[in-house]
>>> print(open('coords_35.cif').read())   # mmCIF, C-alpha atoms
data_structure
#
loop_
_atom_site.group_PDB
_atom_site.id
_atom_site.type_symbol
_atom_site.label_atom_id
_atom_site.label_comp_id
_atom_site.auth_asym_id
_atom_site.auth_seq_id
_atom_site.Cartn_x
_atom_site.Cartn_y
_atom_site.Cartn_z
ATOM 1 C CA MET A 1 125.276 140.341 170.028
ATOM 2 C CA PHE A 2 127.065 142.292 167.267
ATOM 3 C CA GLY A 3 125.506 140.038 164.601
ATOM 4 C CA GLU A 4 122.027 140.733 165.960
ATOM 5 C CA GLN A 5 122.642 144.493 165.830
ATOM 6 C CA VAL A 6 123.835 144.257 162.223
ATOM 7 C CA GLN A 7 120.756 142.224 161.253
ATOM 8 C CA SER A 8 118.509 144.711 163.058
ATOM 9 C CA THR A 9 120.198 147.635 161.286
ATOM 10 C CA ARG A 10 119.879 145.891 157.910
ATOM 11 C CA ALA A 11 116.212 145.136 158.518
ATOM 12 C CA ALA A 12 115.549 148.760 159.474
ATOM 13 C CA GLN A 13 117.394 149.991 156.356
ATOM 14 C CA LYS A 14 115.444 147.559 154.175
ATOM 15 C CA LEU A 15 112.172 148.833 155.659
ATOM 16 C CA ARG A 16 113.176 152.486 155.085
ATOM 17 C CA THR A 17 114.094 151.680 151.479
ATOM 18 C CA ALA A 18 110.806 149.866 150.883
ATOM 19 C CA THR A 19 108.914 152.797 152.379
ATOM 20 C CA ARG A 20 110.737 155.244 150.077
ATOM 21 C CA ILE A 21 109.931 153.033 147.086
ATOM 22 C CA VAL A 22 106.219 152.805 147.945
ATOM 23 C CA GLU A 23 106.051 156.572 148.563
ATOM 24 C CA ALA A 24 107.765 157.237 145.217
ATOM 25 C CA ALA A 25 105.362 154.859 143.465
ATOM 26 C CA ALA A 26 102.376 156.590 145.088
ATOM 27 C CA GLN A 27 103.583 159.997 143.948
ATOM 28 C CA LEU A 28 104.303 158.897 140.373
ATOM 29 C CA PHE A 29 101.062 156.925 140.041
ATOM 30 C CA ALA A 30 99.131 160.000 141.172
ATOM 31 C CA GLU A 31 101.031 162.349 138.848
ATOM 32 C CA HIS A 32 101.392 160.214 135.714
ATOM 33 C CA GLY A 33 98.896 157.366 136.129
ATOM 34 C CA PHE A 34 99.553 153.681 136.600
ATOM 35 C CA GLN A 35 100.073 152.811 132.934
ATOM 36 C CA SER A 36 102.484 155.678 132.247
ATOM 37 C CA THR A 37 104.674 155.084 135.289
ATOM 38 C CA THR A 38 107.655 152.781 134.854
ATOM 39 C CA VAL A 39 109.700 150.839 137.372
ATOM 40 C CA ARG A 40 112.740 152.857 136.254
ATOM 41 C CA GLN A 41 110.944 156.105 137.117
ATOM 42 C CA ILE A 42 110.028 154.731 140.526
ATOM 43 C CA ALA A 43 113.642 153.712 141.126
ATOM 44 C CA ALA A 44 114.905 157.149 140.095
ATOM 45 C CA GLU A 45 112.350 158.945 142.284
ATOM 46 C CA ALA A 46 113.208 156.759 145.287
ATOM 47 C CA GLY A 47 116.958 157.046 144.644
ATOM 48 C CA VAL A 48 117.466 153.287 144.398
ATOM 49 C CA SER A 49 118.247 150.715 141.728
ATOM 50 C CA VAL A 50 115.621 148.984 139.607
ATOM 51 C CA GLY A 51 116.622 145.775 141.391
ATOM 52 C CA ALA A 52 115.798 147.343 144.756
ATOM 53 C CA VAL A 53 112.346 148.288 143.446
ATOM 54 C CA MET A 54 111.770 144.786 142.107
ATOM 55 C CA ALA A 55 112.813 143.335 145.463
ATOM 56 C CA VAL A 56 109.841 145.195 146.959
ATOM 57 C CA GLY A 57 107.541 144.234 144.082
ATOM 58 C CA ASP A 58 106.587 144.713 140.476
ATOM 59 C CA LYS A 59 104.439 147.655 139.429
ATOM 60 C CA GLU A 60 101.126 145.926 140.255
ATOM 61 C CA SER A 61 102.425 144.858 143.652
ATOM 62 C CA LEU A 62 103.551 148.419 144.345
ATOM 63 C CA LEU A 63 100.111 149.735 143.441
ATOM 64 C CA GLY A 64 98.641 147.196 145.849
ATOM 65 C CA LEU A 65 101.009 148.365 148.589
ATOM 66 C CA VAL A 66 100.129 152.006 147.908
ATOM 67 C CA TYR A 67 96.392 151.330 148.213
ATOM 68 C CA ASP A 68 96.753 148.896 151.096
ATOM 69 C CA GLN A 69 98.586 151.552 153.106
ATOM 70 C CA ALA A 70 96.101 154.271 152.165
ATOM 71 C CA ILE A 71 93.218 152.009 153.184
ATOM 72 C CA ALA A 72 94.898 151.009 156.451
ATOM 73 C CA ASP A 73 95.398 154.683 157.303
ATOM 74 C CA ARG A 74 91.656 155.326 156.948
ATOM 75 C CA ILE A 75 90.169 152.431 158.920
ATOM 76 C CA PRO A 76 87.777 153.828 161.527
ATOM 77 C CA ALA A 77 87.928 152.316 165.000
ATOM 78 C CA PRO A 78 84.765 150.686 166.288
ATOM 79 C CA PRO A 79 82.603 152.918 168.459
ATOM 80 C CA GLU A 80 82.425 152.447 172.185
ATOM 81 C CA PRO A 81 79.091 151.234 173.567
ATOM 82 C CA GLY A 82 76.554 154.054 173.339
ATOM 83 C CA GLU A 83 78.850 156.212 171.171
ATOM 84 C CA ALA A 84 77.121 155.612 167.824
ATOM 85 C CA THR A 85 74.405 153.296 166.618
ATOM 86 C CA ALA A 86 75.569 150.153 164.876
ATOM 87 C CA VAL A 87 73.671 151.067 161.726
ATOM 88 C CA ASP A 88 75.348 154.502 161.598
ATOM 89 C CA TYR A 89 78.792 153.018 162.113
ATOM 90 C CA LEU A 90 78.243 150.269 159.532
ATOM 91 C CA ALA A 91 76.611 152.671 157.084
ATOM 92 C CA HIS A 92 79.572 155.029 157.151
ATOM 93 C CA TYR A 93 82.428 152.604 157.839
ATOM 94 C CA PHE A 94 83.350 152.393 154.169
ATOM 95 C CA ASP A 95 82.986 156.125 153.388
ATOM 96 C CA PRO A 96 86.725 156.846 153.796
ATOM 97 C CA PHE A 97 87.550 154.041 151.376
ATOM 98 C CA LEU A 98 85.004 155.230 148.834
ATOM 99 C CA ALA A 99 86.497 158.719 149.108
ATOM 100 C CA LEU A 100 89.959 157.258 148.482
ATOM 101 C CA PHE A 101 88.755 155.490 145.357
ATOM 102 C CA ALA A 102 86.953 158.632 144.170
ATOM 103 C CA GLU A 103 90.207 160.618 144.341
ATOM 104 C CA ASN A 104 91.597 158.860 141.269
ATOM 105 C CA ASP A 105 89.272 156.591 139.287
ATOM 106 C CA ASP A 106 92.024 155.366 136.955
ATOM 107 C CA LEU A 107 94.259 154.247 139.810
ATOM 108 C CA ALA A 108 91.297 152.683 141.598
ATOM 109 C CA ARG A 109 90.416 150.678 138.483
ATOM 110 C CA ALA A 110 94.022 149.509 138.132
ATOM 111 C CA TYR A 111 93.990 148.462 141.798
ATOM 112 C CA PHE A 112 90.745 146.512 141.347
ATOM 113 C CA ARG A 113 92.145 144.765 138.266
ATOM 114 C CA THR A 114 95.113 143.741 140.388
ATOM 115 C CA LEU A 115 92.776 142.413 143.098
ATOM 116 C CA ALA A 116 90.657 140.581 140.528
ATOM 117 C CA ARG A 117 93.728 138.762 139.232
ATOM 118 C CA GLY A 118 94.031 137.301 142.711
ATOM 119 C CA ARG A 119 97.783 137.584 142.994
ATOM 120 C CA PRO A 120 99.070 135.365 145.800
ATOM 121 C CA GLY A 121 101.080 138.140 147.453
ATOM 122 C CA ASN A 122 98.042 140.163 148.499
ATOM 123 C CA ALA A 123 98.065 139.312 152.182
ATOM 124 C CA ALA A 124 96.934 142.851 152.943
ATOM 125 C CA LEU A 125 93.452 142.144 151.573
ATOM 126 C CA GLY A 126 93.109 139.249 154.010
ATOM 127 C CA ALA A 127 94.350 141.441 156.847
ATOM 128 C CA LEU A 128 91.920 144.200 155.801
ATOM 129 C CA ARG A 129 89.082 141.695 155.752
ATOM 130 C CA THR A 130 89.914 140.438 159.241
ATOM 131 C CA LEU A 131 90.290 143.937 160.684
ATOM 132 C CA THR A 132 87.132 145.200 158.991
ATOM 133 C CA GLU A 133 85.033 142.228 160.045
ATOM 134 C CA ASN A 134 86.351 142.509 163.606
ATOM 135 C CA ASN A 135 85.531 146.240 163.744
ATOM 136 C CA LEU A 136 82.067 145.787 162.266
ATOM 137 C CA ALA A 137 81.292 142.829 164.531
ATOM 138 C CA ALA A 138 82.491 144.783 167.587
ATOM 139 C CA ALA A 139 80.153 147.662 166.706
ATOM 140 C CA MET A 140 77.207 145.291 166.406
ATOM 141 C CA VAL A 141 78.069 143.463 169.647
ATOM 142 C CA ASN A 142 78.401 146.836 171.420
ATOM 143 C CA ALA A 143 74.890 147.609 170.169
ATOM 144 C CA GLY A 144 73.571 144.428 171.768
ATOM 145 C CA MET A 145 73.678 141.948 168.874
ATOM 146 C CA PRO A 146 74.708 138.379 169.769
ATOM 147 C CA ASP A 147 78.318 137.610 168.796
ATOM 148 C CA GLU A 148 77.501 134.914 166.232
ATOM 149 C CA ARG A 149 74.998 137.124 164.389
ATOM 150 C CA ALA A 150 77.417 140.067 164.551
ATOM 151 C CA ARG A 151 80.153 137.955 162.922
ATOM 152 C CA LEU A 152 77.806 136.879 160.144
ATOM 153 C CA GLY A 153 76.624 140.453 159.665
ATOM 154 C CA ALA A 154 80.234 141.647 159.405
ATOM 155 C CA GLN A 155 80.927 139.031 156.734
ATOM 156 C CA VAL A 156 77.881 140.169 154.772
ATOM 157 C CA MET A 157 78.958 143.813 155.036
ATOM 158 C CA PHE A 158 82.501 143.092 153.837
ATOM 159 C CA ALA A 159 81.311 140.931 150.943
ATOM 160 C CA GLY A 160 78.792 143.614 149.970
ATOM 161 C CA TYR A 161 81.521 146.245 150.124
ATOM 162 C CA LEU A 162 83.810 144.257 147.801
ATOM 163 C CA GLY A 163 80.962 143.638 145.394
ATOM 164 C CA GLU A 164 80.059 147.315 145.336
ATOM 165 C CA LEU A 165 83.692 148.264 144.740
ATOM 166 C CA MET A 166 83.891 145.900 141.781
ATOM 167 C CA LEU A 167 80.757 147.465 140.300
ATOM 168 C CA LEU A 168 82.230 150.904 140.920
ATOM 169 C CA ALA A 169 85.504 149.923 139.227
ATOM 170 C CA ALA A 170 83.586 148.561 136.243
ATOM 171 C CA GLY A 171 81.762 151.883 135.892
ATOM 172 C CA SER A 172 78.380 150.231 136.529
ATOM 173 C CA THR A 173 77.580 152.603 139.383
ATOM 174 C CA ASP A 174 78.785 155.833 140.940
ATOM 175 C CA HIS A 175 80.106 156.696 144.407
ATOM 176 C CA ARG A 176 76.770 158.040 145.703
ATOM 177 C CA GLN A 177 74.887 154.920 144.615
ATOM 178 C CA THR A 178 77.566 152.716 146.158
ATOM 179 C CA ALA A 179 77.390 154.572 149.479
ATOM 180 C CA ALA A 180 73.575 154.405 149.440
ATOM 181 C CA ARG A 181 73.564 150.647 148.816
ATOM 182 C CA LEU A 182 76.090 150.097 151.606
ATOM 183 C CA ARG A 183 73.845 152.091 153.976
ATOM 184 C CA THR A 184 70.871 149.934 152.934
ATOM 185 C CA THR A 185 72.926 146.790 153.552
ATOM 186 C CA ALA A 186 73.953 148.125 156.967
ATOM 187 C CA ALA A 187 70.315 148.752 157.903
ATOM 188 C CA PHE A 188 69.361 145.249 156.746
ATOM 189 C CA VAL A 189 72.235 143.566 158.605
ATOM 190 C CA THR A 190 71.568 145.369 161.874
ATOM 191 C CA ALA A 191 67.827 144.634 161.624
ATOM 192 C CA GLN A 192 68.642 140.908 161.337
ATOM 193 C CA GLY A 193 70.437 140.994 164.650
ATOM 194 C CA ARG A 194 67.413 142.099 166.635
#
>>> encode(input="coords_35.cif", output="C-alpha cells")
Amino acid sequence: MFGEQVQSTRAAQKLRTATRIVEAAAQLFAEHGFQSTTVRQIAAEAGVSVGAVMAVGDKESLLGLVYDQAIADRIPAPPEPGEATAVDYLAHYFDPFLALFAENDDLARAYFRTLARGRPGNAALGALRTLTENNLAAAMVNAGMPDERARLGAQVMFAGYLGELMLLAAGSTDHRQTAARLRTTAAFVTAQGR
C-alpha cells in the first residue's frame, strides 16, 4: 500500500514538472521564437535541470507538446442533432486551429517542420486525427448522413486540413484562403452524403 502511494506521488510530481516545463517552453517560444530559445533557458524558466527538460523532450518535442495542448484546448465538440448544419460545423471546425497558427507564423512553421519530419513520438497527431474524424463524422451522422459516408467525409476533411496547413506553413497561401478552401471542402463533403 505504501509503495503504491509513493509511486502515485512520484507520478503526480513528474506530471507537474512536465507541465511546468511545457508551460515554460510555450512562454519562451512566444517571447523569443523557437530558434532563439535554448533548452537551458527552458530549464531555468521552469526551475528544473536541463536533464529534467530532456526527460520530457528535446526542443522540437517540446514545441510539439506546446502546440498539441493548444490544439486540444480548442477542439469544438460536435453539435447535437438540429443544433447546427453539418456544413456549418465542418466549415468552421478548423477555424480555432487556423487562428492559433495565425497568432505566431514563425512558431507555426517550426511546428509544421517538426510534423513533416515525422518524428515517431508524435502520438498526439494520431490522437488529434481520431478525435477530429470522430467529431466530424458525428456531425454528419447527426445531420442524417449514413455512418460509412460520414467516416469517409471526415477522413477527407482531415486530410484536406493537413494539406492546407502545409501550404499555409510554406507561405503558398494565407489564412483567409485556407479557411475558404476548407469551407468549400466541407460543402463538397456534405453534398456527397446526400
>>> resolve_selection(input="coords_35.cif", expression="the PyMOL selection byres ((chain A and resi 143) around 9)", output="list in words")
Pro81, Gly82, Ala84, Thr85, Ala86, Ala138, Ala139, Met140, Val141, Asn142, Gly144 and Met145 of chain A
>>> closest_residue(input="coords_35.cif", among="A:Arg129, A:Lys59, A:Arg176, A:Arg40", to="Ala110 in chain A", atoms="only C-alpha atoms")
A:Lys59
>>> closest_residue(input="coords_35.cif", among="A:Ala127, A:Leu98, A:Ala150, A:Ala159", to="Asp174 in chain A", atoms="only C-alpha atoms")
A:Leu98
>>> closest_residue(input="coords_35.cif", among="A:Tyr161, A:Thr17, A:Glu45, A:Val156", to="Arg181 in chain A", atoms="only C-alpha atoms")
A:Tyr161
>>> resolve_selection(input="coords_35.cif", expression="the PyMOL selection byres ((chain A and resi 76) around 10)", output="VMD selection string")
chain A and resid 72 to 75 77 to 79 89 92 to 96 132 135 to 136
>>> closest_residue(input="coords_35.cif", among="A:Val56, A:Ala180, A:Ile42, A:Val48", to="Glu164 in chain A", atoms="all atoms listed in the file")
A:Ala180
>>> residues_around(input="coords_35.cif", residues="His32 in chain A", least_positions_apart="4", cutoff="12 Å", atoms="all atoms listed in the file", output="list of chain:residue names")
A:Ala24, A:Ala25, A:Ala26, A:Gln27, A:Leu28, A:Ser36, A:Thr37, A:Thr38, A:Gln41, A:Ile42, A:Asn104, A:Asp106, A:Leu107
>>> write_last_selection(input="coords_35.cif", atoms="C-alpha atoms", output="PDB file, keeping the file's coordinate frame")
ATOM      1  CA  ALA A  24     107.765 157.237 145.217  1.00  0.00           C
ATOM      2  CA  ALA A  25     105.362 154.859 143.465  1.00  0.00           C
ATOM      3  CA  ALA A  26     102.376 156.590 145.088  1.00  0.00           C
ATOM      4  CA  GLN A  27     103.583 159.997 143.948  1.00  0.00           C
ATOM      5  CA  LEU A  28     104.303 158.897 140.373  1.00  0.00           C
ATOM      6  CA  SER A  36     102.484 155.678 132.247  1.00  0.00           C
ATOM      7  CA  THR A  37     104.674 155.084 135.289  1.00  0.00           C
ATOM      8  CA  THR A  38     107.655 152.781 134.854  1.00  0.00           C
ATOM      9  CA  GLN A  41     110.944 156.105 137.117  1.00  0.00           C
ATOM     10  CA  ILE A  42     110.028 154.731 140.526  1.00  0.00           C
ATOM     11  CA  ASN A 104      91.597 158.860 141.269  1.00  0.00           C
ATOM     12  CA  ASP A 106      92.024 155.366 136.955  1.00  0.00           C
ATOM     13  CA  LEU A 107      94.259 154.247 139.810  1.00  0.00           C
TER      14      LEU A 107
END
>>> resolve_selection(input="coords_35.cif", expression="the PyMOL selection byres ((chain A and resi 184-189) around 7)", output="PyMOL selection string")
chain A and resi 87+90-91+153+157+180-183+190-193
>>> atom_distance(input="coords_35.cif", atom1="CA of Ile71 in chain A", atom2="CA of Val50 in chain A")
26.4 Å
>>> atom_distance(input="coords_35.cif", atom1="CA of Ala99 in chain A", atom2="CA of Ala179 in chain A")
10.0 Å
>>> closest_residue(input="coords_35.cif", among="A:Ala170, A:Ala43, A:Ala30, A:Ala11", to="Arg113 in chain A", atoms="all atoms listed in the file")
A:Ala170
>>> closest_residue(input="coords_35.cif", among="A:Gly47, A:Gly64, A:Gly33, A:Gly57", to="Arg20 in chain A", atoms="only C-alpha atoms")
A:Gly47
>>> atom_distance(input="coords_35.cif", atom1="CA of Ala46 in chain A", atom2="CA of Phe101 in chain A")
24.5 Å
>>> axis_aligned_box(input="coords_35.cif", around="range 160-173 of chain A", padding_each_side="6 Å", output="lines of an AutoDock Vina configuration file")
center_x = 81.5
center_y = 148.1
center_z = 143.0
size_x = 19.9
size_y = 21.0
size_z = 26.2
>>> residues_near_point(input="coords_35.cif", point="(103.2, 153.0, 146.2)", cutoff="7 Å", atoms="only C-alpha atoms", output="number ranges by chain")
A: 21-26, 62-63, 65-66
>>> write_last_selection(input="coords_35.cif", atoms="C-alpha atoms", output="mmCIF file, in the coordinates of the input")
data_model
loop_
_atom_site.group_PDB
_atom_site.id
_atom_site.type_symbol
_atom_site.label_atom_id
_atom_site.label_comp_id
_atom_site.auth_asym_id
_atom_site.auth_seq_id
_atom_site.Cartn_x
_atom_site.Cartn_y
_atom_site.Cartn_z
ATOM 1 C CA ILE A 21 109.931 153.033 147.086
ATOM 2 C CA VAL A 22 106.219 152.805 147.945
ATOM 3 C CA GLU A 23 106.051 156.572 148.563
ATOM 4 C CA ALA A 24 107.765 157.237 145.217
ATOM 5 C CA ALA A 25 105.362 154.859 143.465
ATOM 6 C CA ALA A 26 102.376 156.590 145.088
ATOM 7 C CA LEU A 62 103.551 148.419 144.345
ATOM 8 C CA LEU A 63 100.111 149.735 143.441
ATOM 9 C CA LEU A 65 101.009 148.365 148.589
ATOM 10 C CA VAL A 66 100.129 152.006 147.908
#
